[in-house]
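For reference, the structure is listed below as structure tokens.
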Amino acid sequence: MSYQFFGENENIFGYKDLIVKVYYSCSQLNIYLSLNYADRLTKDQTDGVEPDNVLKMISSKYETKVCYNLNEFSANLSKEPAFMPYGELMEEFEIETKPIDDHQQAEKRRFCLYKANNSVPGFVAYHERMQTFLLWFIEGVSYIEIDDDRWDFFVLYEKLPLTGKSSKPLSSDYQYCFVGYSTVYRYYAYPQNVRPRISQFLILPPFQRIGLGSKLLASIYSNYTDKSIVDITVEDPSDDFQRMRDIYDCKLCMQLSWYKTLAPNTEWSNEMAVEAKMKFKLNSKQVRRVFEILKLKLTNRNDPEQYRQYRLDIKQRLNAPYKKQINDIERLRQRKAISDTNYELLMKTNQIPREYRIKNLNKQYEEIESEYLQIIEKL
Ligand SMILES: CC(C)(COP(=O)(O)OP(=O)(O)OC[C@H]1O[C@@H](n2cnc3c(N)ncnc32)[C@H](O)[C@@H]1OP(=O)(O)O)[C@@H](O)C(=O)NCCC(=O)NCCS
């Protein structure tokens with residue numbers, strides 16, 4: 001998401017063969033920035049326009065200490081093995097990665113998850129460095145106000161056995177390498193309840209697609225099971241996150257009693273949401289989505305009537321807000337709450353021609369179906 005540093009066109013002006021180096025030490029997350037280039041435009045060549053100050057464009061967004069001297073950065077690397085994660089250990093687990101080709105072997109890797117908050121000594125500064133990754137990987141992201149003590153932080157590390165000799169005594173036989181993290185805000189809900197909302201969620205690219213995101217999500221769910229928790233929501237999920245969440249939530253809902261009797265002609269009922277909320281703290285909107293995915297899984301798309309009914313149900317759900325809006329305007333007129341002129345005006349601005357509406361609903365349906373089919377493939 002480099003446009004978040006360099007603007008919508010993702011261009012850097014003024015250099016030939018430019019290489020920007022952004023290094024992070026894997027445990028402490030110390031940062032090193034540097035620039036290499038074959039040539040740089042001068043002011044004379046550009047009518048006084050300076051080449052972009054690339055390092056400043058990055059560091060100004062970082063809001064944390066950055067090192068520009070490679071010797072200094074390298075000297076600190078010897079302290080990396082002594083790093084101990086902040087907060088309390090929640091879980092330790094192994095993942096067996098599948099070989100990508102014949103030359104690779106299946107490998108068991110150890111990971112651990114820590115939970116921290118802003119009262120853990122040193123964590124605020126660590127978080128300052130950690131959050132700089134977000135700008136590269138999450139669309140339209142912004143930093144959070146860490147002073148607010150309703151934030152929870154879940155940080156994942158790979159736990160690597162330390163090999164080789166070290167001159168200094170080590171605090172552990174392992175080195176902890178940063179893998180990714182998530183922030184969760186505990187929103188207040190009336191009267192004395194909590195609605196945790198997953199805000200930022202990142203697994204670094206080298207660690208993606210081995211199940212770690214799903215594992216982190218599962219651990220977050222199991223951290224908020226208390227009676228006071230209403231349900232868990234997600235702030236502005238990315239497509240990749242939504243896909244991962246759908247797969248996981250579908251698997252959860254397949255354990256619920258309503259799934260056992262689910263059939264292509266089952267209608268949505270609030271009881272389904274209630275059960276999913278009670279057992280897994282899933283929110284109603286997401287359960288409705290899961291219901292539609294699982295129903296599509298059972299629907300025979302070669303049976304014209306069954307398939308037609310499924311499409312109709314989804315389109316009715318999509319059309320419901322529009323229908324409600326039009327009904328509200330009609331009701332206002334019946335109650336004589338608006339004048340005839342205002343009624344006409346409201347209808348004119350809110351009513352969408354039927355033909356256009358049907359075309360739009362068909363398009364929306366197709367997008368939804370293709371998303372759902374991707375999830376079904378993984379179930
Ligand atoms: C979205 C994100 C968190 C997913 O994390 P992840 O660790 O890759 O998630 P998982 O490995 O659990 O699952 C992702 C995919 O890998 C697949 N997968 C899981 N384990 C696998 C394995 N052992 N081998 C191959 N594939 C696997 C999943 O089925 C899923 O497949 P799909 O994308 O084709 O549907 C990660 O891609 C990310 O951080 N993206 C950038 C930031 C972002 O979008 N954050 C969310 C903001 S709300």
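Convention: chains lettered A, B, ... in structure tokens order; per-chain residue numbering from 1; ligands numbered from 1 as shown.
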
Please return as a ChimeraX atom specification the residues found within 9 Å of ligand 1, counting only C-alpha atoms and all ligand atoms.
/A:95-98,134,136-139,141,180-182,198-205,207-217,234-248,374-375,377-378

Just the selected residues (N, CA and C atoms), exported as a short mmCIF file (atom, residue, chain, number, x, y, z; two decimals), in the first residue's frame, please.
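Output saved as result15.cif:
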data_model
loop_
_atom_site.label_atom_id
_atom_site.label_comp_id
_atom_site.auth_asym_id
_atom_site.auth_seq_id
_atom_site.Cartn_x
_atom_site.Cartn_y
_atom_site.Cartn_z
N ILE A 95 2.71 -25.50 13.97
CA ILE A 95 2.02 -25.60 12.68
C ILE A 95 2.92 -26.43 11.77
N GLU A 96 2.30 -27.39 11.11
CA GLU A 96 3.10 -28.17 10.17
C GLU A 96 2.86 -27.59 8.79
N THR A 97 3.91 -27.02 8.19
CA THR A 97 3.75 -26.42 6.87
C THR A 97 3.96 -27.48 5.80
N LYS A 98 3.13 -27.36 4.74
CA LYS A 98 3.23 -28.35 3.66
C LYS A 98 4.37 -27.98 2.72
N LEU A 134 1.64 -1.51 9.34
CA LEU A 134 0.25 -1.40 8.86
C LEU A 134 0.17 -0.57 7.59
N TRP A 136 2.09 -0.28 5.16
CA TRP A 136 2.50 -0.98 3.93
C TRP A 136 1.47 -2.03 3.50
N PHE A 137 0.67 -2.51 4.46
CA PHE A 137 -0.14 -3.69 4.15
C PHE A 137 -1.65 -3.54 4.31
N ILE A 138 -2.11 -2.45 4.93
CA ILE A 138 -3.57 -2.33 5.10
C ILE A 138 -4.07 -1.04 4.46
N GLU A 139 -5.03 -1.20 3.60
CA GLU A 139 -5.63 -0.09 2.86
C GLU A 139 -6.27 0.93 3.81
N VAL A 141 -5.41 2.63 6.33
CA VAL A 141 -5.30 2.40 7.77
C VAL A 141 -4.91 3.69 8.50
N GLY A 180 3.08 -11.04 13.44
CA GLY A 180 1.90 -10.23 13.13
C GLY A 180 1.18 -9.89 14.42
N TYR A 181 0.12 -9.11 14.29
CA TYR A 181 -0.62 -8.75 15.51
C TYR A 181 -2.03 -8.26 15.19
N SER A 182 -2.81 -8.18 16.24
CA SER A 182 -4.14 -7.60 16.08
C SER A 182 -4.46 -6.72 17.28
N ILE A 198 -12.56 -6.02 16.54
CA ILE A 198 -11.23 -6.24 15.97
C ILE A 198 -10.95 -5.05 15.05
N SER A 199 -9.85 -4.37 15.31
CA SER A 199 -9.59 -3.15 14.55
C SER A 199 -8.52 -3.38 13.49
N GLN A 200 -7.28 -3.58 13.93
CA GLN A 200 -6.21 -3.82 12.96
C GLN A 200 -5.80 -5.29 13.07
N PHE A 201 -5.43 -5.87 11.96
CA PHE A 201 -5.13 -7.31 11.98
C PHE A 201 -4.12 -7.55 10.86
N LEU A 202 -2.94 -8.02 11.23
CA LEU A 202 -1.90 -8.19 10.21
C LEU A 202 -1.04 -9.43 10.46
N ILE A 203 -0.89 -10.24 9.43
CA ILE A 203 0.11 -11.30 9.43
C ILE A 203 1.11 -10.90 8.34
N LEU A 204 2.39 -10.79 8.68
CA LEU A 204 3.38 -10.35 7.68
C LEU A 204 3.44 -11.35 6.52
N PRO A 205 3.65 -10.85 5.29
CA PRO A 205 3.59 -11.71 4.10
C PRO A 205 4.37 -13.04 4.18
N PHE A 207 4.69 -15.00 6.41
CA PHE A 207 4.01 -15.95 7.31
C PHE A 207 2.56 -16.20 6.92
N GLN A 208 2.14 -15.61 5.79
CA GLN A 208 0.73 -15.76 5.40
C GLN A 208 0.47 -17.13 4.77
N ARG A 209 -0.80 -17.51 4.77
CA ARG A 209 -1.30 -18.72 4.10
C ARG A 209 -0.75 -20.02 4.69
N ILE A 210 -0.45 -20.00 5.97
CA ILE A 210 -0.14 -21.26 6.64
C ILE A 210 -1.07 -21.46 7.84
N GLY A 211 -2.12 -20.67 7.89
CA GLY A 211 -3.12 -20.86 8.94
C GLY A 211 -2.96 -19.96 10.14
N LEU A 212 -1.95 -19.05 10.12
CA LEU A 212 -1.71 -18.23 11.32
C LEU A 212 -2.80 -17.18 11.54
N GLY A 213 -3.30 -16.60 10.45
CA GLY A 213 -4.38 -15.60 10.59
C GLY A 213 -5.59 -16.23 11.25
N SER A 214 -5.97 -17.41 10.77
CA SER A 214 -7.14 -18.11 11.33
C SER A 214 -6.90 -18.43 12.80
N LYS A 215 -5.66 -18.81 13.11
CA LYS A 215 -5.33 -19.17 14.49
C LYS A 215 -5.43 -17.93 15.39
N LEU A 216 -4.93 -16.80 14.88
CA LEU A 216 -5.00 -15.57 15.67
C LEU A 216 -6.47 -15.18 15.91
N LEU A 217 -7.27 -15.31 14.86
CA LEU A 217 -8.70 -15.00 14.99
C LEU A 217 -9.35 -15.91 16.03
N VAL A 234 -15.99 -6.58 13.57
CA VAL A 234 -14.72 -6.27 12.90
C VAL A 234 -14.86 -4.93 12.20
N GLU A 235 -13.86 -4.08 12.37
CA GLU A 235 -13.91 -2.75 11.77
C GLU A 235 -13.40 -2.83 10.33
N ASP A 236 -14.25 -2.53 9.39
CA ASP A 236 -13.85 -2.39 8.00
C ASP A 236 -12.94 -3.52 7.50
N PRO A 237 -13.43 -4.76 7.48
CA PRO A 237 -12.54 -5.88 7.12
C PRO A 237 -12.09 -5.84 5.65
N SER A 238 -10.85 -6.21 5.40
CA SER A 238 -10.37 -6.30 4.01
C SER A 238 -10.95 -7.58 3.39
N ASP A 239 -10.88 -7.70 2.06
CA ASP A 239 -11.44 -8.89 1.40
C ASP A 239 -10.75 -10.16 1.89
N ASP A 240 -9.42 -10.10 2.03
CA ASP A 240 -8.68 -11.29 2.48
C ASP A 240 -9.09 -11.68 3.90
N PHE A 241 -9.26 -10.66 4.74
CA PHE A 241 -9.67 -10.94 6.12
C PHE A 241 -11.06 -11.55 6.14
N GLN A 242 -11.97 -10.96 5.33
CA GLN A 242 -13.35 -11.44 5.33
C GLN A 242 -13.40 -12.90 4.88
N ARG A 243 -12.57 -13.23 3.88
CA ARG A 243 -12.55 -14.62 3.39
C ARG A 243 -12.10 -15.58 4.50
N MET A 244 -11.03 -15.18 5.18
CA MET A 244 -10.51 -16.01 6.27
C MET A 244 -11.55 -16.16 7.39
N ARG A 245 -12.20 -15.05 7.70
CA ARG A 245 -13.21 -15.04 8.77
C ARG A 245 -14.42 -15.90 8.37
N ASP A 246 -14.86 -15.79 7.11
CA ASP A 246 -16.00 -16.57 6.65
C ASP A 246 -15.72 -18.07 6.79
N ILE A 247 -14.52 -18.47 6.38
CA ILE A 247 -14.17 -19.90 6.45
C ILE A 247 -14.26 -20.37 7.91
N TYR A 248 -13.64 -19.57 8.78
CA TYR A 248 -13.60 -19.97 10.19
C TYR A 248 -15.00 -19.97 10.82
N GLN A 374 -16.19 -19.39 -3.24
CA GLN A 374 -14.78 -19.51 -2.82
C GLN A 374 -14.67 -20.08 -1.41
N ILE A 375 -15.61 -19.66 -0.55
CA ILE A 375 -15.59 -20.13 0.85
C ILE A 375 -15.99 -21.61 0.87
N GLU A 377 -15.64 -23.89 -1.27
CA GLU A 377 -14.52 -24.75 -1.72
C GLU A 377 -13.62 -25.17 -0.56
N LYS A 378 -13.52 -24.28 0.46
CA LYS A 378 -12.59 -24.54 1.57
C LYS A 378 -13.25 -25.28 2.73
#

What parts of segment 19-75 of chain A does DSSP call strand (DSSP E or B)? I'd like the answer as a VMD selection string.
chain A and resid 19 to 24 31 to 36 39 to 40 67

Would you export the selected residues with all heavy atoms as a compact mmCIF listing (two decimals), in the first residue's frame, please?
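The resulting file, result18.txt, is reproduced below:
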# COMPACT_ATOMS: atom_id res chain seq x y z
N ILE A 19 16.66 2.27 -5.32
CA ILE A 19 16.33 1.16 -4.40
C ILE A 19 16.14 1.76 -3.01
O ILE A 19 17.04 2.42 -2.48
CB ILE A 19 17.44 0.10 -4.36
CG1 ILE A 19 17.59 -0.56 -5.74
CG2 ILE A 19 17.15 -0.97 -3.30
CD1 ILE A 19 18.77 -1.48 -5.84
N VAL A 20 14.96 1.53 -2.44
CA VAL A 20 14.70 1.99 -1.08
C VAL A 20 14.76 0.78 -0.17
O VAL A 20 14.08 -0.21 -0.41
CB VAL A 20 13.30 2.64 -0.97
CG1 VAL A 20 13.07 3.18 0.43
CG2 VAL A 20 13.12 3.73 -2.00
N LYS A 21 15.61 0.85 0.84
CA LYS A 21 15.71 -0.29 1.77
C LYS A 21 15.00 0.04 3.07
O LYS A 21 15.26 1.08 3.68
CB LYS A 21 17.17 -0.61 2.06
CG LYS A 21 17.88 -1.17 0.86
CD LYS A 21 19.30 -1.53 1.19
CE LYS A 21 20.00 -2.06 -0.05
NZ LYS A 21 21.46 -2.12 0.12
N VAL A 22 14.09 -0.84 3.46
CA VAL A 22 13.38 -0.69 4.73
C VAL A 22 13.63 -1.99 5.51
O VAL A 22 13.07 -3.02 5.18
CB VAL A 22 11.86 -0.49 4.51
CG1 VAL A 22 11.15 -0.22 5.82
CG2 VAL A 22 11.59 0.64 3.53
N TYR A 23 14.53 -1.92 6.47
CA TYR A 23 14.87 -3.12 7.24
C TYR A 23 14.24 -3.05 8.63
O TYR A 23 14.19 -1.96 9.24
CB TYR A 23 16.39 -3.21 7.47
CG TYR A 23 17.24 -3.51 6.26
CD1 TYR A 23 16.70 -3.69 4.99
CD2 TYR A 23 18.63 -3.60 6.40
CE1 TYR A 23 17.51 -3.96 3.90
CE2 TYR A 23 19.44 -3.87 5.31
CZ TYR A 23 18.88 -4.04 4.07
OH TYR A 23 19.68 -4.30 3.00
N TYR A 24 13.81 -4.20 9.11
CA TYR A 24 13.36 -4.30 10.51
C TYR A 24 14.15 -5.43 11.16
O TYR A 24 14.31 -6.49 10.54
CB TYR A 24 11.88 -4.68 10.59
CG TYR A 24 10.90 -3.59 10.27
CD1 TYR A 24 10.68 -3.19 8.96
CD2 TYR A 24 10.17 -2.97 11.28
CE1 TYR A 24 9.77 -2.19 8.66
CE2 TYR A 24 9.25 -1.98 10.99
CZ TYR A 24 9.06 -1.59 9.68
OH TYR A 24 8.16 -0.61 9.39
N ILE A 31 14.34 -0.19 13.28
CA ILE A 31 14.12 0.12 11.86
C ILE A 31 15.33 0.83 11.26
O ILE A 31 15.90 1.75 11.86
CB ILE A 31 12.87 1.03 11.70
CG1 ILE A 31 11.64 0.34 12.31
CG2 ILE A 31 12.63 1.36 10.23
CD1 ILE A 31 10.46 1.25 12.52
N TYR A 32 15.69 0.38 10.05
CA TYR A 32 16.77 1.02 9.29
C TYR A 32 16.23 1.43 7.92
O TYR A 32 15.57 0.62 7.25
CB TYR A 32 17.94 0.04 9.14
CG TYR A 32 18.94 0.44 8.09
CD1 TYR A 32 19.84 1.50 8.30
CD2 TYR A 32 19.01 -0.24 6.87
CE1 TYR A 32 20.76 1.87 7.33
CE2 TYR A 32 19.94 0.11 5.90
CZ TYR A 32 20.80 1.17 6.13
OH TYR A 32 21.71 1.53 5.17
N LEU A 33 16.48 2.66 7.51
CA LEU A 33 16.04 3.13 6.19
C LEU A 33 17.24 3.62 5.40
O LEU A 33 18.11 4.29 5.94
CB LEU A 33 15.09 4.32 6.34
CG LEU A 33 13.71 4.13 6.96
CD1 LEU A 33 12.96 5.46 6.95
CD2 LEU A 33 12.92 3.09 6.20
N SER A 34 17.28 3.26 4.11
CA SER A 34 18.34 3.83 3.27
C SER A 34 17.90 3.88 1.81
O SER A 34 16.91 3.26 1.42
CB SER A 34 19.64 3.05 3.41
OG SER A 34 19.65 1.98 2.50
N LEU A 35 18.71 4.61 1.05
CA LEU A 35 18.38 4.90 -0.34
C LEU A 35 19.60 4.63 -1.21
O LEU A 35 20.69 5.10 -0.89
CB LEU A 35 18.07 6.40 -0.38
CG LEU A 35 17.09 6.92 -1.39
CD1 LEU A 35 15.74 6.30 -1.16
CD2 LEU A 35 16.98 8.45 -1.21
N ASN A 36 19.45 3.89 -2.29
CA ASN A 36 20.53 3.73 -3.28
C ASN A 36 19.98 4.12 -4.64
O ASN A 36 18.83 3.80 -4.95
CB ASN A 36 20.96 2.26 -3.39
CG ASN A 36 21.80 1.82 -2.22
OD1 ASN A 36 22.22 2.65 -1.43
ND2 ASN A 36 22.01 0.53 -2.11
N ASP A 39 21.48 7.53 -10.31
CA ASP A 39 21.58 8.96 -10.61
C ASP A 39 20.37 9.69 -10.03
O ASP A 39 19.34 9.07 -9.77
CB ASP A 39 21.64 9.16 -12.13
CG ASP A 39 22.31 10.47 -12.49
OD1 ASP A 39 22.74 11.20 -11.56
OD2 ASP A 39 22.39 10.77 -13.69
N ARG A 40 20.56 11.01 -9.87
CA ARG A 40 19.51 11.81 -9.25
C ARG A 40 19.41 13.11 -10.03
O ARG A 40 20.44 13.70 -10.40
CB ARG A 40 19.99 12.08 -7.81
CG ARG A 40 19.08 12.81 -6.90
CD ARG A 40 19.80 12.89 -5.54
NE ARG A 40 18.94 13.39 -4.51
CZ ARG A 40 18.85 14.66 -4.18
NH1 ARG A 40 19.58 15.57 -4.79
NH2 ARG A 40 18.03 15.04 -3.21
N CYS A 67 16.70 4.41 12.21
CA CYS A 67 18.16 4.49 12.12
C CYS A 67 18.55 4.60 10.64
O CYS A 67 17.98 3.91 9.79
CB CYS A 67 18.72 3.22 12.77
SG CYS A 67 20.46 3.02 12.57

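Distance check against Leu262 of chain A using only C-alpha atoms: of A:Lys297, A:Arg357, A:Arg335, A:Arg109, the minimum falls on A:Lys297.
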
Let's see if you can do this: from backbone DSSP, list all alpha helix (DSSP H) residues in segment 127-267 of chain A, as JSON, numbers by chain.
{"A": [127, 128, 129, 130, 134, 135, 136, 137, 212, 213, 214, 215, 216, 217, 218, 219, 220, 221, 222, 223, 239, 240, 241, 242, 243, 244, 245, 246, 247, 248, 249, 250, 251, 252, 253, 257, 258, 259, 260]}

Just write the chosen residues, C-alpha atoms, as a short mmCIF file (atom, residue, chain, number, x, y, z; two decimals), in the first residue's frame.
data_model
loop_
_atom_site.label_atom_id
_atom_site.label_comp_id
_atom_site.auth_asym_id
_atom_site.auth_seq_id
_atom_site.Cartn_x
_atom_site.Cartn_y
_atom_site.Cartn_z
CA HIS A 127 3.84 -0.84 19.50
CA GLU A 128 5.06 2.40 17.89
CA ARG A 129 7.48 0.33 15.80
CA MET A 130 5.04 -2.52 15.19
CA LEU A 134 0.25 -1.40 8.86
CA LEU A 135 0.91 1.43 6.42
CA TRP A 136 2.50 -0.98 3.93
CA PHE A 137 -0.14 -3.69 4.15
CA LEU A 212 -1.71 -18.23 11.32
CA GLY A 213 -4.38 -15.60 10.59
CA SER A 214 -7.14 -18.11 11.33
CA LYS A 215 -5.33 -19.17 14.49
CA LEU A 216 -5.00 -15.57 15.67
CA LEU A 217 -8.70 -15.00 14.99
CA ALA A 218 -9.61 -18.17 16.90
CA SER A 219 -7.51 -17.06 19.88
CA ILE A 220 -9.16 -13.64 19.88
CA TYR A 221 -12.58 -15.33 19.91
CA SER A 222 -11.59 -17.54 22.82
CA ASN A 223 -10.34 -14.54 24.76
CA ASP A 239 -11.44 -8.89 1.40
CA ASP A 240 -8.68 -11.29 2.48
CA PHE A 241 -9.67 -10.94 6.12
CA GLN A 242 -13.35 -11.44 5.33
CA ARG A 243 -12.55 -14.62 3.39
CA MET A 244 -10.51 -16.01 6.27
CA ARG A 245 -13.21 -15.04 8.77
CA ASP A 246 -16.00 -16.57 6.65
CA ILE A 247 -14.17 -19.90 6.45
CA TYR A 248 -13.60 -19.97 10.19
CA ASP A 249 -17.11 -18.80 11.15
CA CYS A 250 -18.74 -21.30 8.77
CA LYS A 251 -16.80 -24.10 10.44
CA LEU A 252 -17.97 -22.86 13.84
CA CYS A 253 -21.63 -22.60 12.77
CA SER A 257 -27.97 -27.25 16.14
CA TRP A 258 -29.63 -25.30 13.29
CA TYR A 259 -26.99 -26.48 10.83
CA LYS A 260 -28.06 -30.10 11.39
#

For a quick check of understanding, using only C-alpha atoms, which of A:Ile326, A:Lys159, A:Leu89, A:Ile358 has the smallest distance to Tyr343 of chain A?
A:Ile326
